[in-house]
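One file, entry-v8.pdb, carrying PDB, C-alpha atoms:
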```
ATOM      1  CA  MET A   1      14.932  17.282  -4.928  1.00  0.00           C
ATOM      2  CA  LYS A   2      11.326  16.326  -4.314  1.00  0.00           C
ATOM      3  CA  ASP A   3       8.516  18.811  -4.852  1.00  0.00           C
ATOM      4  CA  THR A   4       7.210  19.951  -1.454  1.00  0.00           C
ATOM      5  CA  SER A   5       3.690  20.471  -2.815  1.00  0.00           C
ATOM      6  CA  THR A   6       3.268  16.731  -3.277  1.00  0.00           C
ATOM      7  CA  GLY A   7       2.356  14.337  -0.531  1.00  0.00           C
ATOM      8  CA  ARG A   8       4.669  11.917   1.220  1.00  0.00           C
ATOM      9  CA  LEU A   9       4.747   8.189   0.603  1.00  0.00           C
ATOM     10  CA  TYR A  10       5.299   5.806   3.509  1.00  0.00           C
ATOM     11  CA  GLY A  11       5.756   2.052   3.364  1.00  0.00           C
ATOM     12  CA  VAL A  12       4.579   1.047   6.825  1.00  0.00           C
ATOM     13  CA  GLY A  13       5.834  -2.276   8.142  1.00  0.00           C
ATOM     14  CA  LEU A  14       3.441  -3.666  10.724  1.00  0.00           C
ATOM     15  CA  GLY A  15       5.735  -6.173  12.376  1.00  0.00           C
ATOM     16  CA  PRO A  16       5.094  -9.845  13.073  1.00  0.00           C
ATOM     17  CA  GLY A  17       1.293  -9.627  12.969  1.00  0.00           C
ATOM     18  CA  ASP A  18       0.337  -8.809  16.547  1.00  0.00           C
ATOM     19  CA  PRO A  19      -1.178  -5.290  16.701  1.00  0.00           C
ATOM     20  CA  ASP A  20       0.492  -4.795  20.090  1.00  0.00           C
ATOM     21  CA  GLN A  21       3.907  -5.215  18.459  1.00  0.00           C
ATOM     22  CA  MET A  22       3.639  -2.393  15.918  1.00  0.00           C
ATOM     23  CA  THR A  23       6.467   0.100  16.248  1.00  0.00           C
ATOM     24  CA  LEU A  24       5.843   3.634  17.443  1.00  0.00           C
ATOM     25  CA  ARG A  25       7.095   4.851  14.060  1.00  0.00           C
ATOM     26  CA  ALA A  26       4.471   2.765  12.260  1.00  0.00           C
ATOM     27  CA  VAL A  27       1.738   4.192  14.493  1.00  0.00           C
ATOM     28  CA  ARG A  28       3.020   7.744  13.862  1.00  0.00           C
ATOM     29  CA  ALA A  29       3.154   7.217  10.088  1.00  0.00           C
ATOM     30  CA  ILE A  30      -0.447   5.989  10.092  1.00  0.00           C
ATOM     31  CA  GLY A  31      -1.448   8.963  12.223  1.00  0.00           C
ATOM     32  CA  GLU A  32       0.236  11.422   9.833  1.00  0.00           C
ATOM     33  CA  ALA A  33      -1.341   9.878   6.746  1.00  0.00           C
ATOM     34  CA  ASP A  34      -4.358  11.169   4.875  1.00  0.00           C
ATOM     35  CA  VAL A  35      -4.664   7.966   2.854  1.00  0.00           C
ATOM     36  CA  ILE A  36      -4.273   4.391   4.072  1.00  0.00           C
ATOM     37  CA  ALA A  37      -3.614   1.853   1.314  1.00  0.00           C
ATOM     38  CA  TYR A  38      -3.502  -1.902   1.823  1.00  0.00           C
ATOM     39  CA  HIS A  39      -3.426  -5.014  -0.339  1.00  0.00           C
ATOM     40  CA  SER A  40      -6.101  -7.683  -0.268  1.00  0.00           C
ATOM     41  CA  ALA A  41      -7.415 -10.565  -2.292  1.00  0.00           C
ATOM     42  CA  ARG A  42     -10.773 -10.218  -4.043  1.00  0.00           C
ATOM     43  CA  HIS A  43     -12.638 -11.218  -0.880  1.00  0.00           C
ATOM     44  CA  GLY A  44     -11.643  -7.763   0.412  1.00  0.00           C
ATOM     45  CA  ARG A  45     -10.168  -8.783   3.748  1.00  0.00           C
ATOM     46  CA  SER A  46      -6.681  -7.488   4.444  1.00  0.00           C
ATOM     47  CA  ILE A  47      -4.419  -8.868   7.146  1.00  0.00           C
ATOM     48  CA  ALA A  48      -2.397  -5.640   7.092  1.00  0.00           C
ATOM     49  CA  ARG A  49      -5.530  -3.519   7.594  1.00  0.00           C
ATOM     50  CA  SER A  50      -6.695  -5.752  10.441  1.00  0.00           C
ATOM     51  CA  ILE A  51      -3.329  -5.351  12.220  1.00  0.00           C
ATOM     52  CA  ALA A  52      -3.507  -1.539  11.969  1.00  0.00           C
ATOM     53  CA  ALA A  53      -7.292  -1.201  12.499  1.00  0.00           C
ATOM     54  CA  ALA A  54      -7.051   0.356  15.967  1.00  0.00           C
ATOM     55  CA  HIS A  55      -5.058   3.256  14.497  1.00  0.00           C
ATOM     56  CA  LEU A  56      -7.338   4.057  11.567  1.00  0.00           C
ATOM     57  CA  ARG A  57      -9.513   7.139  11.832  1.00  0.00           C
ATOM     58  CA  PRO A  58     -12.906   7.844  10.261  1.00  0.00           C
ATOM     59  CA  ASP A  59     -11.344  10.675   8.227  1.00  0.00           C
ATOM     60  CA  HIS A  60      -8.684   8.426   6.667  1.00  0.00           C
ATOM     61  CA  ILE A  61      -9.245   7.819   2.981  1.00  0.00           C
ATOM     62  CA  GLU A  62      -8.905   4.078   2.505  1.00  0.00           C
ATOM     63  CA  GLU A  63      -7.478   2.684  -0.729  1.00  0.00           C
ATOM     64  CA  PRO A  64      -7.886  -1.086  -0.882  1.00  0.00           C
ATOM     65  CA  LEU A  65      -5.506  -2.476  -3.497  1.00  0.00           C
ATOM     66  CA  VAL A  66      -7.361  -5.614  -4.560  1.00  0.00           C
ATOM     67  CA  TYR A  67      -5.273  -8.182  -6.407  1.00  0.00           C
ATOM     68  CA  PRO A  68      -6.891  -9.401  -9.641  1.00  0.00           C
ATOM     69  CA  VAL A  69      -5.458 -12.896  -9.052  1.00  0.00           C
ATOM     70  CA  THR A  70      -3.725 -14.653  -6.207  1.00  0.00           C
ATOM     71  CA  THR A  71      -3.211 -18.325  -7.003  1.00  0.00           C
ATOM     72  CA  GLU A  72      -5.912 -18.957  -9.611  1.00  0.00           C
ATOM     73  CA  THR A  73      -5.456 -18.757 -13.373  1.00  0.00           C
ATOM     74  CA  THR A  74      -6.269 -15.702 -15.441  1.00  0.00           C
ATOM     75  CA  ASP A  75      -7.345 -14.965 -18.994  1.00  0.00           C
ATOM     76  CA  HIS A  76      -5.203 -11.805 -19.059  1.00  0.00           C
ATOM     77  CA  PRO A  77      -3.262 -11.666 -22.367  1.00  0.00           C
ATOM     78  CA  GLY A  78      -0.010 -11.464 -20.397  1.00  0.00           C
ATOM     79  CA  GLY A  79      -0.934 -14.354 -18.128  1.00  0.00           C
ATOM     80  CA  TYR A  80      -0.486 -14.214 -14.370  1.00  0.00           C
ATOM     81  CA  ARG A  81       2.589 -11.975 -14.570  1.00  0.00           C
ATOM     82  CA  GLY A  82       0.851  -9.601 -16.978  1.00  0.00           C
ATOM     83  CA  ALA A  83      -2.226  -9.353 -14.761  1.00  0.00           C
ATOM     84  CA  LEU A  84      -0.101  -8.453 -11.733  1.00  0.00           C
ATOM     85  CA  GLU A  85       2.041  -5.970 -13.673  1.00  0.00           C
ATOM     86  CA  GLU A  86      -1.088  -4.189 -14.895  1.00  0.00           C
ATOM     87  CA  PHE A  87      -2.526  -4.228 -11.365  1.00  0.00           C
ATOM     88  CA  TYR A  88       0.621  -2.665  -9.870  1.00  0.00           C
ATOM     89  CA  GLU A  89       0.717   0.037 -12.551  1.00  0.00           C
ATOM     90  CA  LYS A  90      -2.927   0.963 -11.962  1.00  0.00           C
ATOM     91  CA  ALA A  91      -2.520   0.861  -8.167  1.00  0.00           C
ATOM     92  CA  ALA A  92       0.547   3.111  -8.390  1.00  0.00           C
ATOM     93  CA  ALA A  93      -1.411   5.559 -10.542  1.00  0.00           C
ATOM     94  CA  ARG A  94      -4.214   5.658  -7.946  1.00  0.00           C
ATOM     95  CA  LEU A  95      -1.731   6.403  -5.172  1.00  0.00           C
ATOM     96  CA  ALA A  96       0.099   8.958  -7.332  1.00  0.00           C
ATOM     97  CA  ALA A  97      -3.167  10.867  -7.760  1.00  0.00           C
ATOM     98  CA  HIS A  98      -3.419  11.231  -3.966  1.00  0.00           C
ATOM     99  CA  LEU A  99       0.245  12.178  -3.675  1.00  0.00           C
ATOM    100  CA  ASP A 100      -0.054  14.761  -6.463  1.00  0.00           C
ATOM    101  CA  ALA A 101      -3.007  16.263  -4.588  1.00  0.00           C
ATOM    102  CA  GLY A 102      -0.711  16.791  -1.588  1.00  0.00           C
ATOM    103  CA  ARG A 103      -2.004  13.894   0.491  1.00  0.00           C
ATOM    104  CA  THR A 104       0.302  11.710   2.555  1.00  0.00           C
ATOM    105  CA  VAL A 105      -0.130   8.027   1.711  1.00  0.00           C
ATOM    106  CA  ALA A 106       0.740   5.155   4.050  1.00  0.00           C
ATOM    107  CA  VAL A 107       0.888   1.754   2.359  1.00  0.00           C
ATOM    108  CA  LEU A 108       0.425  -0.902   5.032  1.00  0.00           C
ATOM    109  CA  ALA A 109       2.547  -4.019   4.794  1.00  0.00           C
ATOM    110  CA  GLU A 110       2.653  -7.169   6.860  1.00  0.00           C
ATOM    111  CA  GLY A 111       6.133  -7.629   8.269  1.00  0.00           C
ATOM    112  CA  ASP A 112       8.859  -5.664   6.510  1.00  0.00           C
ATOM    113  CA  PRO A 113       7.576  -3.585   3.575  1.00  0.00           C
ATOM    114  CA  MET A 114      10.723  -4.125   1.479  1.00  0.00           C
ATOM    115  CA  PHE A 115      11.523  -7.776   2.225  1.00  0.00           C
ATOM    116  CA  TYR A 116       9.235  -9.686  -0.119  1.00  0.00           C
ATOM    117  CA  GLY A 117       6.463  -7.249   0.760  1.00  0.00           C
ATOM    118  CA  SER A 118       3.815  -5.957  -1.635  1.00  0.00           C
ATOM    119  CA  TYR A 119       4.859  -2.392  -0.853  1.00  0.00           C
ATOM    120  CA  MET A 120       8.136  -2.868  -2.743  1.00  0.00           C
ATOM    121  CA  HIS A 121       6.139  -2.887  -6.006  1.00  0.00           C
ATOM    122  CA  MET A 122       4.658   0.518  -5.151  1.00  0.00           C
ATOM    123  CA  HIS A 123       8.030   1.816  -3.962  1.00  0.00           C
ATOM    124  CA  LYS A 124       9.658   0.843  -7.259  1.00  0.00           C
ATOM    125  CA  ARG A 125       7.032   2.825  -9.175  1.00  0.00           C
ATOM    126  CA  LEU A 126       6.624   5.854  -6.895  1.00  0.00           C
ATOM    127  CA  ALA A 127       9.622   6.521  -4.619  1.00  0.00           C
ATOM    128  CA  ASP A 128      11.611   8.465  -7.198  1.00  0.00           C
ATOM    129  CA  ARG A 129       8.788  11.046  -7.369  1.00  0.00           C
ATOM    130  CA  TYR A 130       7.555  11.171  -3.775  1.00  0.00           C
TER     131      TYR A 130
END
```

Serialized structure, structure tokens:
Amino acid sequence: MKDTSTGRLYGVGLGPGDPDQMTLRAVRAIGEADVIAYHSARHGRSIARSIAAAHLRPDHIEEPLVYPVTTETTDHPGGYRGALEEFYEKAAARLAAHLDAGRTVAVLAEGDPMFYGSYMHMHKRLADRY
């Protein structure tokens, strides 16, 4: 049984990419959230955030989850895989801090959050606790 004093974690699928095709449930989840998290490359732009932009509020806490690498090489001791594993662990810890504080976190995902989506990496690390 999950602790009711912790926040809720939502993986929010945004559909095929057209903001007008977001589901009502996705819009509601964003509206219920205190924290909006989204993945991006180092340039900072996020397709998922741009799809959901019309539903973000000024009081939302935004958590950009900026990948350390996308296609380039890395000098991380664990290579590309090690760099991403470390990134996902640190990102999950950041989201867990919000959830432990009682905040609801919506992780935005292009398309389906569990079908080759970046959210599945957060889900694997957090869903058993939140």

Exercise for review: Report as a ChimeraX atom specification the residues that result from applying the PyMOL selection byres ((chain A and resi 33-48) around 6) to the structure here.
Suggested key: /A:30-32,49-51,60-67,103-110

Review point. Expanded to explicit residues, what is the PyMOL selection byres ((chain A and resi 95) around 9) for this file, as a VMD selection string?
Key: chain A and resid 9 35 37 63 90 to 94 96 to 100 105 122 126

Check your understanding: Which is closest to A:Pro113 among A:Tyr80, A:Tyr10, A:Tyr130, A:Tyr88, if we use all atoms listed in the file?
Key ->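 Result for the nearest residue to A:Pro113: A:Tyr10.
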
Quick one: everything within 9 Å of A:Gly111, counting all atoms listed in the file, minus sequence neighbours fewer than 4 positions away in the same chain. Send it as a JSON list (two decimals) with C-alpha atoms, keeping the file's coordinate frame.
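Final output, selection_15.json:
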```json
[["chain", "number", "residue", "atom", "x", "y", "z"],
["A", 12, "VAL", "CA", 4.58, 1.05, 6.82],
["A", 13, "GLY", "CA", 5.83, -2.28, 8.14],
["A", 14, "LEU", "CA", 3.44, -3.67, 10.72],
["A", 15, "GLY", "CA", 5.74, -6.17, 12.38],
["A", 16, "PRO", "CA", 5.09, -9.85, 13.07],
["A", 17, "GLY", "CA", 1.29, -9.63, 12.97],
["A", 48, "ALA", "CA", -2.40, -5.64, 7.09],
["A", 115, "PHE", "CA", 11.52, -7.78, 2.22],
["A", 117, "GLY", "CA", 6.46, -7.25, 0.76]]
```

Check your understanding: What is the distance between atom CA of A:Asp128 and atom CA of A:Met114, in Å to one decimal?
Key ->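 Between these atoms lies a distance of 15.3 Å.
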
Check your understanding: If you measure from atom CA of A:Thr70 to atom CA of A:Tyr119, what distance in Å do you get, rounded to one decimal?
Key -> 15.9 Å

Practice item. Could you check how far atom CA of A:Gly78 sits from atom CA of A:Asp112, in Å to one decimal? Key: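 About the pair atom CA of A:Gly78 and atom CA of A:Asp112: they are 28.9 Å apart.
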
Please, could N, CA, C and O atoms be added to stretch 58-77 of chain A and the result written as a PDB file, keeping the file's coordinate frame?
```
ATOM      1  N   PRO A  58     -11.801   7.702  11.219  1.00  0.00           N
ATOM      2  CA  PRO A  58     -12.906   7.844  10.261  1.00  0.00           C
ATOM      3  C   PRO A  58     -12.577   8.782   9.095  1.00  0.00           C
ATOM      4  O   PRO A  58     -13.118   8.622   8.011  1.00  0.00           O
ATOM      5  N   ASP A  59     -11.670   9.748   9.311  1.00  0.00           N
ATOM      6  CA  ASP A  59     -11.344  10.675   8.227  1.00  0.00           C
ATOM      7  C   ASP A  59     -10.230  10.167   7.309  1.00  0.00           C
ATOM      8  O   ASP A  59      -9.903  10.821   6.323  1.00  0.00           O
ATOM      9  N   HIS A  60      -9.650   9.012   7.594  1.00  0.00           N
ATOM     10  CA  HIS A  60      -8.684   8.426   6.667  1.00  0.00           C
ATOM     11  C   HIS A  60      -9.416   8.051   5.378  1.00  0.00           C
ATOM     12  O   HIS A  60     -10.521   7.518   5.411  1.00  0.00           O
ATOM     13  N   ILE A  61      -8.772   8.321   4.269  1.00  0.00           N
ATOM     14  CA  ILE A  61      -9.245   7.819   2.981  1.00  0.00           C
ATOM     15  C   ILE A  61      -8.619   6.438   2.832  1.00  0.00           C
ATOM     16  O   ILE A  61      -7.398   6.301   2.909  1.00  0.00           O
ATOM     17  N   GLU A  62      -9.439   5.433   2.658  1.00  0.00           N
ATOM     18  CA  GLU A  62      -8.905   4.078   2.505  1.00  0.00           C
ATOM     19  C   GLU A  62      -8.833   3.710   1.028  1.00  0.00           C
ATOM     20  O   GLU A  62      -9.766   3.961   0.275  1.00  0.00           O
ATOM     21  N   GLU A  63      -7.709   3.149   0.640  1.00  0.00           N
ATOM     22  CA  GLU A  63      -7.478   2.684  -0.729  1.00  0.00           C
ATOM     23  C   GLU A  63      -7.162   1.193  -0.702  1.00  0.00           C
ATOM     24  O   GLU A  63      -6.002   0.798  -0.577  1.00  0.00           O
ATOM     25  N   PRO A  64      -8.173   0.345  -0.787  1.00  0.00           N
ATOM     26  CA  PRO A  64      -7.886  -1.086  -0.882  1.00  0.00           C
ATOM     27  C   PRO A  64      -7.302  -1.404  -2.259  1.00  0.00           C
ATOM     28  O   PRO A  64      -7.845  -0.984  -3.274  1.00  0.00           O
ATOM     29  N   LEU A  65      -6.180  -2.081  -2.260  1.00  0.00           N
ATOM     30  CA  LEU A  65      -5.506  -2.476  -3.497  1.00  0.00           C
ATOM     31  C   LEU A  65      -5.783  -3.966  -3.688  1.00  0.00           C
ATOM     32  O   LEU A  65      -5.109  -4.816  -3.123  1.00  0.00           O
ATOM     33  N   VAL A  66      -6.831  -4.255  -4.449  1.00  0.00           N
ATOM     34  CA  VAL A  66      -7.361  -5.614  -4.560  1.00  0.00           C
ATOM     35  C   VAL A  66      -6.696  -6.345  -5.726  1.00  0.00           C
ATOM     36  O   VAL A  66      -6.859  -5.955  -6.889  1.00  0.00           O
ATOM     37  N   TYR A  67      -5.949  -7.380  -5.387  1.00  0.00           N
ATOM     38  CA  TYR A  67      -5.273  -8.182  -6.407  1.00  0.00           C
ATOM     39  C   TYR A  67      -6.283  -8.794  -7.380  1.00  0.00           C
ATOM     40  O   TYR A  67      -7.306  -9.318  -6.947  1.00  0.00           O
ATOM     41  N   PRO A  68      -5.982  -8.778  -8.670  1.00  0.00           N
ATOM     42  CA  PRO A  68      -6.891  -9.401  -9.641  1.00  0.00           C
ATOM     43  C   PRO A  68      -6.808 -10.924  -9.600  1.00  0.00           C
ATOM     44  O   PRO A  68      -7.763 -11.612  -9.964  1.00  0.00           O
ATOM     45  N   VAL A  69      -5.672 -11.452  -9.183  1.00  0.00           N
ATOM     46  CA  VAL A  69      -5.458 -12.896  -9.052  1.00  0.00           C
ATOM     47  C   VAL A  69      -4.557 -13.118  -7.850  1.00  0.00           C
ATOM     48  O   VAL A  69      -3.790 -12.241  -7.468  1.00  0.00           O
ATOM     49  N   THR A  70      -4.673 -14.266  -7.255  1.00  0.00           N
ATOM     50  CA  THR A  70      -3.725 -14.653  -6.207  1.00  0.00           C
ATOM     51  C   THR A  70      -3.067 -15.957  -6.644  1.00  0.00           C
ATOM     52  O   THR A  70      -1.939 -15.955  -7.092  1.00  0.00           O
ATOM     53  N   THR A  71      -3.788 -17.046  -6.574  1.00  0.00           N
ATOM     54  CA  THR A  71      -3.211 -18.325  -7.003  1.00  0.00           C
ATOM     55  C   THR A  71      -3.959 -18.927  -8.197  1.00  0.00           C
ATOM     56  O   THR A  71      -3.462 -19.868  -8.812  1.00  0.00           O
ATOM     57  N   GLU A  72      -5.117 -18.383  -8.522  1.00  0.00           N
ATOM     58  CA  GLU A  72      -5.912 -18.957  -9.611  1.00  0.00           C
ATOM     59  C   GLU A  72      -5.345 -18.548 -10.977  1.00  0.00           C
ATOM     60  O   GLU A  72      -4.441 -17.726 -11.067  1.00  0.00           O
ATOM     61  N   THR A  73      -5.891 -19.103 -12.026  1.00  0.00           N
ATOM     62  CA  THR A  73      -5.456 -18.757 -13.373  1.00  0.00           C
ATOM     63  C   THR A  73      -6.162 -17.483 -13.820  1.00  0.00           C
ATOM     64  O   THR A  73      -7.123 -17.026 -13.191  1.00  0.00           O
ATOM     65  N   THR A  74      -5.683 -16.929 -14.919  1.00  0.00           N
ATOM     66  CA  THR A  74      -6.269 -15.702 -15.441  1.00  0.00           C
ATOM     67  C   THR A  74      -6.336 -15.783 -16.958  1.00  0.00           C
ATOM     68  O   THR A  74      -5.537 -16.487 -17.586  1.00  0.00           O
ATOM     69  N   ASP A  75      -7.271 -15.040 -17.534  1.00  0.00           N
ATOM     70  CA  ASP A  75      -7.345 -14.965 -18.994  1.00  0.00           C
ATOM     71  C   ASP A  75      -6.676 -13.687 -19.509  1.00  0.00           C
ATOM     72  O   ASP A  75      -6.819 -13.330 -20.670  1.00  0.00           O
ATOM     73  N   HIS A  76      -5.929 -13.004 -18.646  1.00  0.00           N
ATOM     74  CA  HIS A  76      -5.203 -11.805 -19.059  1.00  0.00           C
ATOM     75  C   HIS A  76      -4.250 -12.173 -20.196  1.00  0.00           C
ATOM     76  O   HIS A  76      -3.605 -13.225 -20.136  1.00  0.00           O
ATOM     77  N   PRO A  77      -4.149 -11.337 -21.246  1.00  0.00           N
ATOM     78  CA  PRO A  77      -3.262 -11.666 -22.367  1.00  0.00           C
ATOM     79  C   PRO A  77      -1.800 -11.899 -21.956  1.00  0.00           C
ATOM     80  O   PRO A  77      -1.094 -12.667 -22.599  1.00  0.00           O
TER      81      PRO A  77
END
```
